[in-house]
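*Asks:* Here's a structure for you.
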Amino acid sequence: MMYGGKCKGVAAEKDAASVTSFNSSYSLKDDEMKNEFSSEALKPSRSLTRLREDLSPPRSSLRVNSKSSELKLVPSSSRVRSNESMLSELTINKFNIKSMGLIGREREIKVLESSYDRMMEEKPEITPSNKSIIAQSLVQSNVQKELVFIRGYSGVGKSSLAKTLEKEASKKTEGIYVEGKFDCNASNEPYSGIASAFGQLCKRVLNGQDQSNKDVTRISHHSLRFESRLSAALGPAARILSNLIPELQDVLPIKRRQSGGTSQGDESDFDASQKRAKYAFRVLMRELNAELSPIVLVLDDLQWADESSLNVIDSLISDIQNPNALMIVGCYRSNEVDDQSLLLKSIQAMRNKQDKFNFRISEITVGSCDIGSVNKMIMAMMSIDDEERTRGLAEVCFQKTAGNPFFLIEFMVMLQDEKMISYNLGLLKWIWDEKKIADATMSTDNVVDLLQARMRKMPAKVQLLLQYAACLGSSFSACTLDLIWREQSVMGADYTADSIISLLAVVVSSNLVEVCGENEYRWVHDNVQEAALSLSNVVTPEFQFEIGAALYRCLDDNELEEQLFDVVDLVNKGLVCKRHEFAKLNLRAAEKAKKISAFQSAAKYAANGIRLLPSDKWTTHRTLTLALYTIGSEVELALGRSESAEMYSNEVLNREECTMMEALPLKMAKALKLCTVDMKYKEAVQINLGLLKDLGVTLLRSRATAPLQSIATLIRTTKMAKKAPAPEVIVEKLGHMKDPKHRVVILLLARSGYACFQAEDIFLQILCTCKVVEMTIKHGFSDDSPSGFGGLGILALGVQQDHKAAAYFAELALALQKACRPSRESETVFVTHSFALAWTRPLQQLLAPVADGYTSGMRTGDTHFAMWNLPFRHIWLPYALGKPLGPMLEQCPRILSQMEELSQAEQAAALRMCWQMILNLVTTPVSEDAHKLEGAIFSAEGFTGEDTVNLSSIYFWQGELLVFYDLEAAANRAIKDGDKFAKLSCGSFNNMQETFHRAIALFAMARRTRKRKYRAHANKLANRINSWVRSGNPNVRHYHIAISAEQAALRKKYDLAEESYKSAISLSARTGHMHDAALINERYAAFLHEELSDEQESKYRLGEAIRFYEAWGAFGKVESLKKQLER
């Protein structure tokens, strides 16, 4: 938890460092403290920004010790000489705690270093010497990510062990080390530790890897380049992340907006919302990791991490698209978690996926030190070289502290404070009485007691300051502390700005708090914070509430937004009276948490907000009450807690005065969950139909008349849409849909259409799609209008065979999409480009838009269509274009990993089918069953899916293998099944290739057998391809010429056939369709052999076919043709 991260007033502007501490040899006495605290009276403040100038210490200056690089606060000049004398006298009698290093952890350090070295090793690539295409295609990233968990009891040195990697990273590879810490007092605050670590990375990017680099011009240009790249990669997600990571605003020029920023997706789609957040963190890490590599990210106290943070850790370490070196280290208290805890369940889930996603998990258990290590620690603290001299003291300390390093240090400090260990200036050595120590002290099973005993000896103001700071979390800023100090008018003392500076200097010099940045502090250990919290009876629930309320009153709106979760947590911990302003504050926190997909936190804030409502809430604060119950129901549904969601929902729905519009969000959320999470599509359709009826929209008259009604509606809507404004003016002509009721109706129609598609209710799907288009034309467009026009384009293709109308509707969809939020952009892009536009635009031109469709889907959380766009861009379109098969094979395992990670089973199955087909084409030696869609990746015989999409995919890829390996079987299947694929795929771009290959097989058998059935079916397909050419399809000209050659050969017009074959081969080769050039050469060779008996030319053409197949990468097919050539 970091307060006031932007405040810079504590630091002296011209000095080399920020706020500093007294040297460990110098401490203030009580009477000196009184002199420091006597200036002006306490003054309440309304904003942290007003404190920046006030907090600059006027009577002190900062100096750097050139030998030790320690920062020292030097008091006023009148006391410099005496203080320096005292420092020289007293330095020798202080324990060397900070410089003693890590002792007794050699084995653990070696494990950490091994993990780091393993991450940096280059992994050998699998060579193609054995032509194992499967092995080659499974090669992913050359860099293996490392995930290390350090577990152990509090105080054993987990954090110190992890920190050894800072030196390791900078020493070996100039790596970047950052750390974040989770706070037991801020367990509701989402992403707190993650955000802190990312903030440090952003700072490192701004300053360059070398923090001492003063080349401002170079850094400026470098930052601008990075800013441009990062802005393009994050897109709208940058605004959401900037509210979690304030430092990101220094990297990107992001204008802050209240309550979490602008939305880029459907906020009611909670599944998409969670995916948006994980993707945003992934993209940010990729860009930062590309700039700073390797990165070591240490996250401390994971036992207090929220679920959202654990999900982000999983997402970062399993990101196979990040090729840079990344090591994540997580520390947690093993005694505070069990097998049922969220943390251990998350670790097990990551352990199960490490092989698939190319990262490695290591676990280190840190225990207490043995007596030998305890002795070495004591020797280091006291600068003693004689091991035997401290042996007895070590045995006593080991008995009292059980070898816990942190406990040992505090025990030793206590012994010195109690004069049981002292430094004799006359003898110049440490002296102690082991028996006295053993008899006078108790075992320190609770180090908090030792810490509190030390704290109680400090001045009263310091004690109170420690308690204030402890309430602020594991880290805090002097600005926030000063604000509270003023607001509370502590002890009635006169206030001076530098009193906070002096007090903080005391606690820093006492090794309780350390400086961690400009004006920023953190506790040296969470046990110290725990001790401060329970130091006296001051820190009561009322005390914490007062601090939270003070921050609420004094922070301006931007500062409150940045620290919202912290402030609300403090307020909620207190005994808050039922005040609607704090209920409203909880609502604000719940809404912010919901927007960043932290649903657990959102649910807690909603519950607290409801708790703070008065008993007459529905009459005095109806709007606030409705909002809290609604968001409570929504996030509980998102968490899968149906009973809690229903309880909130019933509180609203059971009220007599509840209006239909007030109840609508609750019912819509339930229907959405049924569709997107539970996959109960038919139930979701029924709920949506009921809601539409309540809104005055009746789609279906009766099931019996559904076919006639849907076709009639489609004809009417198509005519209406053809008269819609042109794409370039449609946005201006239609305008935004203004009526909220209409926007709700069109949203319900769009969701119903998707659910109908999944439920295979085609007639109701047609009615939903048509209604969306008609309402858009009549009432203006909404965010769901583009998908409606895209869907109408599919229907125009599949049902009406009207390619021009389909393309026009697709253009309208894309034009509208530019004016809408991107929540459904990925869907619009895929639907328009893989269907309608593929029939009117060159396929090559579709590659870039569908890549953007993938990015948009990942950004907005629409991973369903993102995972359709991804293989469309990298596999299916390149295959149709005849691109080399090798790069497609390399992409297959990477894309499949993403699909499986995102639980997109339908797309994964479709990809496996294609992958297997490609393997059958490229694998050598070629199998006798190469014509079957069977193998290590996919088995058609074992596939049990019944959905239309995958049935059409199996049919297509099986057909491709038959064309290349068994033309007779392909022709017979074409006779048997006819236009089965066209009916299944409803106008997909694959129809062009499938029709061409089916025609090739039929003409081949027609010429070979002279049977009429083959000729009739072949001519029918030839006419279809000819009609596509006449309609302006730019992708089928070489198909048309090749089929014309087949027709001429069948009619014995040999000269025309030869001319057409050559023309088709030339056009295919010129346009890069290597597979088509190879297939047409193969057909030309067969023609020369069978019809003209020209063996020499036939062998030449077969050789040309082999050349093109080799260039394509179809080595299995090449082997098959070479055998044919030998025969």
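Residue numbering restarts at 1 for every chain of the structure tokens, chains are lettered A, B, ... in their displayed order, and ligands are numbered from 1 as they appear.
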Find the residues near Glu941 of chain A: any atom within 12 Å, counting only C-alpha atoms, skip ones fewer than 2 places away on the same chain, and give them as an MDAnalysis selection string.

*Replies:* chainID A and resid 913 932:935 938:939 943:945 954 958

*Asks:* Could those residues be written to a file, using C-alpha atoms, as a PDB file, in the first residue's frame?

*Replies:*
```
ATOM      1  CA  MET A 913      -7.718 -30.664 -37.677  1.00  0.00           C
ATOM      2  CA  LYS A 932      -7.008 -39.856 -43.796  1.00  0.00           C
ATOM      3  CA  LEU A 933      -7.350 -37.127 -41.211  1.00  0.00           C
ATOM      4  CA  GLU A 934      -5.695 -39.268 -38.550  1.00  0.00           C
ATOM      5  CA  GLY A 935      -2.507 -38.879 -36.548  1.00  0.00           C
ATOM      6  CA  PHE A 938      -6.080 -35.202 -34.355  1.00  0.00           C
ATOM      7  CA  SER A 939      -8.208 -38.242 -35.128  1.00  0.00           C
ATOM      8  CA  PHE A 943     -13.843 -37.037 -32.655  1.00  0.00           C
ATOM      9  CA  THR A 944     -17.260 -36.876 -31.014  1.00  0.00           C
ATOM     10  CA  GLY A 945     -18.148 -33.191 -31.469  1.00  0.00           C
ATOM     11  CA  ILE A 954     -13.475 -31.919 -40.425  1.00  0.00           C
ATOM     12  CA  GLN A 958     -10.422 -34.331 -44.894  1.00  0.00           C
TER      13      GLN A 958
END
```

*Asks:* DSSP on the backbone: which residues in segment 253-493 of chain A end up as strand (DSSP E)? Give the answer as an MDAnalysis selection string.

*Replies:* chainID A and resid 295:300 326:333 359:366 421:424 429:432 475:477

*Asks:* Given the selection you just returned, output its residues as a file containing N, CA, C and O atoms, formatted as a compact mmCIF listing (two decimals), in the first residue's frame.

*Replies:*
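Printed below is result.txt as written:
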```
# COMPACT_ATOMS: atom_id res chain seq x y z
N ILE A 295 14.34 -9.53 -16.41
CA ILE A 295 13.64 -8.93 -15.27
C ILE A 295 13.49 -9.97 -14.18
O ILE A 295 13.07 -11.09 -14.44
N VAL A 296 13.84 -9.56 -12.96
CA VAL A 296 13.56 -10.37 -11.77
C VAL A 296 12.50 -9.64 -10.97
O VAL A 296 12.73 -8.52 -10.50
N LEU A 297 11.33 -10.24 -10.85
CA LEU A 297 10.19 -9.61 -10.16
C LEU A 297 9.92 -10.39 -8.88
O LEU A 297 9.54 -11.55 -8.93
N VAL A 298 10.16 -9.75 -7.74
CA VAL A 298 9.98 -10.40 -6.44
C VAL A 298 8.70 -9.89 -5.80
O VAL A 298 8.49 -8.68 -5.69
N LEU A 299 7.84 -10.80 -5.38
CA LEU A 299 6.58 -10.46 -4.73
C LEU A 299 6.58 -11.08 -3.34
O LEU A 299 6.61 -12.30 -3.20
N ASP A 300 6.53 -10.22 -2.35
CA ASP A 300 6.65 -10.67 -0.96
C ASP A 300 5.28 -10.80 -0.30
O ASP A 300 4.33 -10.11 -0.67
N LEU A 326 12.42 -13.71 -18.00
CA LEU A 326 11.62 -13.24 -16.87
C LEU A 326 11.70 -14.26 -15.74
O LEU A 326 11.50 -15.45 -15.95
N MET A 327 11.97 -13.76 -14.55
CA MET A 327 11.99 -14.60 -13.36
C MET A 327 11.09 -13.97 -12.30
O MET A 327 11.25 -12.80 -11.96
N ILE A 328 10.13 -14.72 -11.82
CA ILE A 328 9.23 -14.24 -10.77
C ILE A 328 9.52 -15.04 -9.50
O ILE A 328 9.56 -16.27 -9.53
N VAL A 329 9.73 -14.32 -8.42
CA VAL A 329 10.00 -14.96 -7.12
C VAL A 329 8.88 -14.55 -6.16
O VAL A 329 8.63 -13.36 -5.97
N GLY A 330 8.24 -15.52 -5.58
CA GLY A 330 7.18 -15.26 -4.62
C GLY A 330 7.54 -15.79 -3.25
O GLY A 330 7.95 -16.94 -3.11
N CYS A 331 7.42 -14.95 -2.24
CA CYS A 331 7.72 -15.35 -0.86
C CYS A 331 6.42 -15.42 -0.06
O CYS A 331 5.56 -14.55 -0.20
N TYR A 332 6.30 -16.44 0.77
CA TYR A 332 5.10 -16.53 1.59
C TYR A 332 5.39 -17.29 2.89
O TYR A 332 6.31 -18.09 2.96
N ARG A 333 4.56 -17.00 3.89
CA ARG A 333 4.67 -17.67 5.18
C ARG A 333 3.98 -19.03 5.11
O ARG A 333 2.77 -19.12 4.93
N PHE A 359 7.79 -22.92 -18.76
CA PHE A 359 8.42 -22.28 -17.62
C PHE A 359 8.68 -23.36 -16.56
O PHE A 359 8.15 -24.46 -16.65
N ARG A 360 9.50 -23.03 -15.61
CA ARG A 360 9.88 -24.01 -14.59
C ARG A 360 9.63 -23.45 -13.20
O ARG A 360 9.94 -22.29 -12.92
N ILE A 361 9.07 -24.28 -12.34
CA ILE A 361 8.81 -23.89 -10.96
C ILE A 361 9.84 -24.54 -10.03
O ILE A 361 10.10 -25.73 -10.12
N SER A 362 10.42 -23.73 -9.16
CA SER A 362 11.31 -24.22 -8.11
C SER A 362 10.74 -23.75 -6.77
O SER A 362 10.15 -22.68 -6.69
N GLU A 363 10.94 -24.57 -5.75
CA GLU A 363 10.46 -24.20 -4.43
C GLU A 363 11.59 -24.33 -3.42
O GLU A 363 12.33 -25.32 -3.41
N ILE A 364 11.74 -23.31 -2.59
CA ILE A 364 12.80 -23.28 -1.59
C ILE A 364 12.14 -23.13 -0.22
O ILE A 364 11.36 -22.18 0.00
N THR A 365 12.43 -24.05 0.67
CA THR A 365 11.94 -23.94 2.05
C THR A 365 13.07 -23.40 2.92
O THR A 365 14.14 -23.99 2.99
N VAL A 366 12.80 -22.28 3.55
CA VAL A 366 13.81 -21.63 4.39
C VAL A 366 13.45 -21.90 5.86
O VAL A 366 12.37 -21.54 6.31
N ILE A 421 24.77 -6.51 26.99
CA ILE A 421 25.91 -6.50 26.07
C ILE A 421 26.31 -5.04 25.90
O ILE A 421 25.45 -4.18 25.64
N SER A 422 27.57 -4.76 26.06
CA SER A 422 28.03 -3.37 25.92
C SER A 422 29.44 -3.36 25.35
O SER A 422 30.17 -4.36 25.40
N TYR A 423 29.80 -2.21 24.85
CA TYR A 423 31.14 -2.06 24.29
C TYR A 423 31.99 -1.25 25.27
O TYR A 423 31.63 -0.12 25.63
N ASN A 424 33.07 -1.83 25.71
CA ASN A 424 33.96 -1.19 26.66
C ASN A 424 34.98 -0.35 25.88
O ASN A 424 35.83 -0.88 25.17
N LYS A 429 36.50 -3.49 23.29
CA LYS A 429 35.90 -4.77 22.91
C LYS A 429 34.53 -4.90 23.56
O LYS A 429 34.19 -4.19 24.51
N TRP A 430 33.74 -5.83 22.98
CA TRP A 430 32.41 -6.11 23.50
C TRP A 430 32.54 -7.02 24.74
O TRP A 430 33.36 -7.94 24.75
N ILE A 431 31.69 -6.75 25.72
CA ILE A 431 31.67 -7.59 26.91
C ILE A 431 30.24 -8.00 27.23
O ILE A 431 29.30 -7.26 26.95
N TRP A 432 30.09 -9.18 27.80
CA TRP A 432 28.76 -9.69 28.17
C TRP A 432 28.92 -10.80 29.19
O TRP A 432 30.00 -11.36 29.37
N SER A 475 3.98 0.26 3.21
CA SER A 475 4.77 1.40 2.76
C SER A 475 3.90 2.64 2.82
O SER A 475 2.67 2.55 2.80
N PHE A 476 4.53 3.80 2.87
CA PHE A 476 3.76 5.03 3.03
C PHE A 476 4.64 6.20 2.62
O PHE A 476 5.85 6.06 2.41
N SER A 477 4.04 7.37 2.51
CA SER A 477 4.80 8.57 2.17
C SER A 477 4.74 9.56 3.32
O SER A 477 3.79 9.59 4.11
```

*Asks:* What lies within 10 Å of Leu284 of chain A using only C-alpha atoms, ignoring chain neighbours under 4 positions off, as a PyMOL selection string?

*Replies:* chain A and resi 198+202+230-231+233-234+237-238+241+248+279-280+288-290+316

*Asks:* Enter the distance from atom CA of His580 of chain A to atom CA of Val568 of chain A, in Å, rounded to one decimal.

*Replies:* 13.4 Å

*Asks:* What's the 9 Å shell around Thr832 of chain A, counting only C-alpha atoms, without same-chain residues fewer than 2 positions away, as a CSV table (one decimal) with all heavy atoms, in the first residue's frame?

*Replies:*
```
chain,number,residue,atom,x,y,z
A,787,SER,N,-22.3,-5.9,-35.5
A,787,SER,CA,-22.4,-7.3,-35.6
A,787,SER,C,-23.7,-7.7,-36.3
A,787,SER,O,-23.8,-8.8,-36.9
A,787,SER,CB,-22.3,-7.9,-34.2
A,787,SER,OG,-23.4,-7.5,-33.4
A,789,PHE,N,-25.2,-6.1,-38.8
A,789,PHE,CA,-24.9,-6.0,-40.3
A,789,PHE,C,-24.0,-7.1,-40.8
A,789,PHE,O,-24.1,-7.6,-41.9
A,789,PHE,CB,-24.4,-4.6,-40.6
A,789,PHE,CG,-25.5,-3.6,-40.8
A,789,PHE,CD1,-25.9,-2.8,-39.7
A,789,PHE,CD2,-26.1,-3.4,-42.0
A,789,PHE,CE1,-26.8,-1.9,-39.8
A,789,PHE,CE2,-27.1,-2.4,-42.2
A,789,PHE,CZ,-27.5,-1.7,-41.1
A,790,GLY,N,-23.0,-7.4,-39.9
A,790,GLY,CA,-22.1,-8.5,-40.3
A,790,GLY,C,-22.8,-9.8,-40.4
A,790,GLY,O,-22.6,-10.6,-41.3
A,791,GLY,N,-23.7,-10.1,-39.4
A,791,GLY,CA,-24.5,-11.3,-39.5
A,791,GLY,C,-25.4,-11.3,-40.7
A,791,GLY,O,-25.7,-12.4,-41.3
A,793,GLY,N,-24.8,-10.1,-43.5
A,793,GLY,CA,-23.9,-10.4,-44.6
A,793,GLY,C,-23.7,-11.9,-44.8
A,793,GLY,O,-23.8,-12.5,-45.9
A,794,ILE,N,-23.6,-12.6,-43.6
A,794,ILE,CA,-23.5,-14.1,-43.7
A,794,ILE,C,-24.8,-14.7,-44.2
A,794,ILE,O,-24.7,-15.6,-45.0
A,794,ILE,CB,-23.2,-14.6,-42.3
A,794,ILE,CG1,-21.8,-14.2,-41.8
A,794,ILE,CG2,-23.2,-16.1,-42.2
A,794,ILE,CD1,-21.4,-14.6,-40.4
A,806,ALA,N,-23.9,-9.1,-49.7
A,806,ALA,CA,-23.1,-9.5,-48.5
A,806,ALA,C,-21.9,-8.6,-48.2
A,806,ALA,O,-21.7,-8.1,-47.1
A,806,ALA,CB,-22.7,-10.9,-48.6
A,807,ALA,N,-21.2,-8.3,-49.3
A,807,ALA,CA,-20.0,-7.4,-49.2
A,807,ALA,C,-20.5,-6.0,-48.8
A,807,ALA,O,-19.8,-5.3,-48.0
A,807,ALA,CB,-19.3,-7.3,-50.5
A,809,PHE,N,-23.1,-5.1,-47.0
A,809,PHE,CA,-23.5,-5.2,-45.6
A,809,PHE,C,-22.2,-5.2,-44.7
A,809,PHE,O,-22.2,-4.6,-43.6
A,809,PHE,CB,-24.4,-6.4,-45.3
A,809,PHE,CG,-25.7,-6.4,-46.0
A,809,PHE,CD1,-26.3,-7.6,-46.3
A,809,PHE,CD2,-26.2,-5.2,-46.5
A,809,PHE,CE1,-27.5,-7.6,-47.1
A,809,PHE,CE2,-27.4,-5.2,-47.2
A,809,PHE,CZ,-28.0,-6.4,-47.5
A,810,ALA,N,-21.2,-5.9,-45.2
A,810,ALA,CA,-20.0,-6.0,-44.4
A,810,ALA,C,-19.3,-4.6,-44.3
A,810,ALA,O,-18.7,-4.2,-43.3
A,810,ALA,CB,-19.0,-7.0,-45.0
A,811,GLU,N,-19.3,-3.9,-45.4
A,811,GLU,CA,-18.7,-2.6,-45.4
A,811,GLU,C,-19.5,-1.6,-44.5
A,811,GLU,O,-18.9,-0.8,-43.8
A,811,GLU,CB,-18.8,-2.0,-46.9
A,811,GLU,CG,-17.9,-2.7,-47.9
A,811,GLU,CD,-16.5,-2.5,-47.7
A,811,GLU,OE1,-16.1,-1.8,-46.8
A,811,GLU,OE2,-15.7,-3.1,-48.5
A,813,ALA,N,-21.0,-2.6,-41.8
A,813,ALA,CA,-20.7,-3.1,-40.5
A,813,ALA,C,-19.4,-2.5,-40.0
A,813,ALA,O,-19.2,-2.0,-38.9
A,813,ALA,CB,-20.6,-4.6,-40.4
A,814,LEU,N,-18.4,-2.5,-40.9
A,814,LEU,CA,-17.0,-1.9,-40.6
A,814,LEU,C,-17.1,-0.4,-40.4
A,814,LEU,O,-16.4,0.1,-39.5
A,814,LEU,CB,-16.0,-2.3,-41.6
A,814,LEU,CG,-15.7,-3.8,-41.7
A,814,LEU,CD1,-14.8,-4.1,-42.9
A,814,LEU,CD2,-15.0,-4.3,-40.5
A,827,GLU,N,-15.4,-9.6,-33.2
A,827,GLU,CA,-16.4,-10.4,-33.9
A,827,GLU,C,-16.7,-9.8,-35.2
A,827,GLU,O,-16.9,-10.5,-36.2
A,827,GLU,CB,-17.7,-10.4,-33.0
A,827,GLU,CG,-18.9,-11.0,-33.6
A,827,GLU,CD,-20.1,-10.9,-32.8
A,827,GLU,OE1,-20.1,-10.4,-31.7
A,827,GLU,OE2,-21.2,-11.3,-33.3
A,828,THR,N,-16.9,-8.5,-35.3
A,828,THR,CA,-17.2,-7.8,-36.6
A,828,THR,C,-16.2,-8.0,-37.6
A,828,THR,O,-16.4,-8.3,-38.8
A,828,THR,CB,-17.4,-6.3,-36.3
A,828,THR,OG1,-18.4,-6.1,-35.4
A,828,THR,CG2,-17.8,-5.6,-37.6
A,829,VAL,N,-14.9,-7.9,-37.2
A,829,VAL,CA,-13.8,-8.2,-38.1
A,829,VAL,C,-13.8,-9.6,-38.7
A,829,VAL,O,-13.7,-9.8,-39.9
A,829,VAL,CB,-12.4,-7.8,-37.5
A,829,VAL,CG1,-11.3,-8.3,-38.3
A,829,VAL,CG2,-12.3,-6.4,-37.2
A,830,PHE,N,-13.9,-10.6,-37.8
A,830,PHE,CA,-13.9,-11.9,-38.2
A,830,PHE,C,-15.1,-12.3,-39.2
A,830,PHE,O,-14.9,-12.9,-40.2
A,830,PHE,CB,-13.9,-12.9,-37.0
A,830,PHE,CG,-13.9,-14.3,-37.4
A,830,PHE,CD1,-12.8,-14.9,-37.9
A,830,PHE,CD2,-15.1,-15.1,-37.3
A,830,PHE,CE1,-12.8,-16.3,-38.3
A,830,PHE,CE2,-15.1,-16.4,-37.7
A,830,PHE,CZ,-13.9,-17.0,-38.2
A,834,SER,N,-13.9,-13.1,-43.0
A,834,SER,CA,-13.9,-14.5,-43.3
A,834,SER,C,-15.1,-15.0,-44.1
A,834,SER,O,-15.1,-16.1,-44.7
A,834,SER,CB,-13.8,-15.4,-42.0
A,834,SER,OG,-15.0,-15.3,-41.3
A,835,PHE,N,-16.1,-14.1,-44.2
A,835,PHE,CA,-17.2,-14.5,-45.0
A,835,PHE,C,-17.4,-13.5,-46.2
A,835,PHE,O,-16.8,-13.7,-47.2
A,835,PHE,CB,-18.5,-14.5,-44.1
A,835,PHE,CG,-18.6,-15.6,-43.2
A,835,PHE,CD1,-18.0,-15.5,-41.9
A,835,PHE,CD2,-19.1,-16.8,-43.5
A,835,PHE,CE1,-18.0,-16.6,-41.0
A,835,PHE,CE2,-19.2,-17.9,-42.7
A,835,PHE,CZ,-18.6,-17.8,-41.4
A,836,ALA,N,-18.1,-12.4,-46.0
A,836,ALA,CA,-18.5,-11.6,-47.1
A,836,ALA,C,-17.3,-11.0,-47.9
A,836,ALA,O,-17.3,-11.1,-49.1
A,836,ALA,CB,-19.4,-10.5,-46.6
A,837,LEU,N,-16.4,-10.3,-47.2
A,837,LEU,CA,-15.3,-9.6,-47.9
A,837,LEU,C,-14.4,-10.5,-48.6
A,837,LEU,O,-13.7,-10.1,-49.6
A,837,LEU,CB,-14.6,-8.7,-46.9
A,837,LEU,CG,-15.4,-7.5,-46.3
A,837,LEU,CD1,-14.6,-6.7,-45.4
A,837,LEU,CD2,-16.0,-6.7,-47.4
A,838,ALA,N,-14.3,-11.8,-48.2
A,838,ALA,CA,-13.4,-12.7,-48.9
A,838,ALA,C,-13.8,-13.0,-50.3
A,838,ALA,O,-13.1,-13.5,-51.1
A,838,ALA,CB,-13.3,-14.0,-48.1
```

*Asks:* Determine which residues of segment 283-511 of chain A DSSP labels as helix (DSSP H, G or I) from the backbone of this structure, then write them out as JSON, numbers by chain.

*Replies:* {"A": [283, 284, 285, 286, 287, 288, 289, 290, 291, 302, 303, 304, 307, 308, 309, 310, 311, 312, 313, 314, 315, 316, 317, 334, 335, 336, 342, 343, 344, 345, 346, 347, 348, 349, 350, 351, 352, 353, 371, 372, 373, 374, 375, 376, 377, 378, 379, 380, 381, 382, 391, 392, 393, 394, 395, 396, 397, 398, 399, 400, 401, 405, 406, 407, 408, 409, 410, 411, 412, 413, 414, 415, 416, 417, 434, 435, 436, 437, 438, 439, 440, 447, 448, 449, 450, 451, 452, 453, 454, 455, 460, 461, 462, 463, 464, 465, 466, 467, 468, 469, 470, 471, 478, 479, 480, 481, 482, 483, 484, 485, 486, 487, 488, 490, 491, 492, 497, 498, 499, 500, 501, 502, 503, 504, 505, 506, 507, 508, 509]}

*Asks:* As a PyMOL selection string, please: the residues near Ser192 of chain A (cut-off 8 Å, only C-alpha atoms, same-chain neighbours under 5 positions excluded).

*Replies:* chain A and resi 1+180-182+309

*Asks:* Could those residues be written to a file, using N, CA, C and O atoms, as a compact mmCIF listing (two decimals), in the first residue's frame?

*Replies:*
```txt
# COMPACT_ATOMS: atom_id res chain seq x y z
N MET A 1 0.86 -1.18 0.00
CA MET A 1 0.00 0.00 0.00
C MET A 1 0.90 1.23 0.00
O MET A 1 1.70 1.42 0.88
N GLY A 180 7.62 -6.10 -5.11
CA GLY A 180 6.33 -5.63 -4.64
C GLY A 180 5.96 -6.42 -3.40
O GLY A 180 6.42 -7.55 -3.21
N LYS A 181 5.12 -5.82 -2.58
CA LYS A 181 4.80 -6.46 -1.30
C LYS A 181 3.31 -6.36 -1.05
O LYS A 181 2.70 -5.32 -1.27
N PHE A 182 2.72 -7.46 -0.61
CA PHE A 182 1.30 -7.47 -0.26
C PHE A 182 1.17 -7.20 1.23
O PHE A 182 2.05 -7.53 2.02
N SER A 309 -4.42 -10.86 -8.26
CA SER A 309 -2.96 -10.80 -8.38
C SER A 309 -2.38 -12.17 -8.70
O SER A 309 -1.45 -12.29 -9.52
```

*Asks:* Give me, as a ChimeraX atom specification, all polymer residues having an atom no more than 12 Å from Leu749 of chain A, counting only C-alpha atoms and skipping those fewer than 2 positions away in the same chain.

*Replies:* /A:668,684-693,695,697-699,742-747,751-756,764-776,782,784-785,787-788

*Asks:* Go ahead and save the residues from that selection, with C-alpha atoms, as a compact mmCIF listing (two decimals), in the first residue's frame.

*Replies:*
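What ended up in result_0.txt:
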```
# COMPACT_ATOMS: atom_id res chain seq x y z
CA MET A 668 -29.68 -9.59 -17.98
CA ALA A 684 -30.40 -17.95 -21.86
CA VAL A 685 -32.51 -17.57 -25.01
CA GLN A 686 -35.72 -18.07 -23.04
CA ILE A 687 -34.77 -15.44 -20.44
CA ASN A 688 -33.81 -12.96 -23.14
CA LEU A 689 -37.05 -13.57 -25.05
CA GLY A 690 -38.97 -12.90 -21.86
CA LEU A 691 -37.07 -9.66 -21.27
CA LEU A 692 -37.69 -8.57 -24.87
CA LYS A 693 -41.38 -9.25 -24.43
CA LEU A 695 -39.86 -4.35 -23.41
CA VAL A 697 -40.65 -6.81 -28.60
CA THR A 698 -42.10 -10.15 -29.73
CA LEU A 699 -39.83 -11.93 -32.18
CA HIS A 742 -33.81 0.85 -27.70
CA ARG A 743 -30.17 0.35 -26.70
CA VAL A 744 -31.20 -2.30 -24.18
CA VAL A 745 -33.40 -4.04 -26.76
CA ILE A 746 -30.64 -4.17 -29.37
CA LEU A 747 -28.17 -5.49 -26.76
CA ARG A 751 -26.90 -11.61 -27.13
CA SER A 752 -29.90 -13.70 -28.11
CA GLY A 753 -28.55 -14.09 -31.64
CA TYR A 754 -25.27 -15.49 -30.32
CA ALA A 755 -27.07 -17.85 -27.94
CA CYS A 756 -29.35 -18.99 -30.80
CA LEU A 764 -34.63 -17.42 -34.30
CA GLN A 765 -31.08 -16.34 -35.06
CA ILE A 766 -32.25 -14.89 -38.39
CA LEU A 767 -35.05 -13.00 -36.65
CA CYS A 768 -32.67 -11.56 -34.02
CA THR A 769 -30.14 -10.45 -36.66
CA CYS A 770 -32.78 -8.84 -38.86
CA LYS A 771 -34.33 -7.00 -35.93
CA VAL A 772 -30.94 -5.51 -34.99
CA VAL A 773 -30.49 -4.20 -38.55
CA GLU A 774 -34.02 -2.81 -38.80
CA MET A 775 -33.80 -1.02 -35.43
CA THR A 776 -30.42 0.46 -36.42
CA SER A 782 -25.42 1.28 -31.04
CA ASP A 784 -24.20 -3.94 -31.24
CA SER A 785 -25.23 -2.65 -34.67
CA SER A 787 -22.39 -7.32 -35.56
CA GLY A 788 -25.98 -7.19 -36.83
```
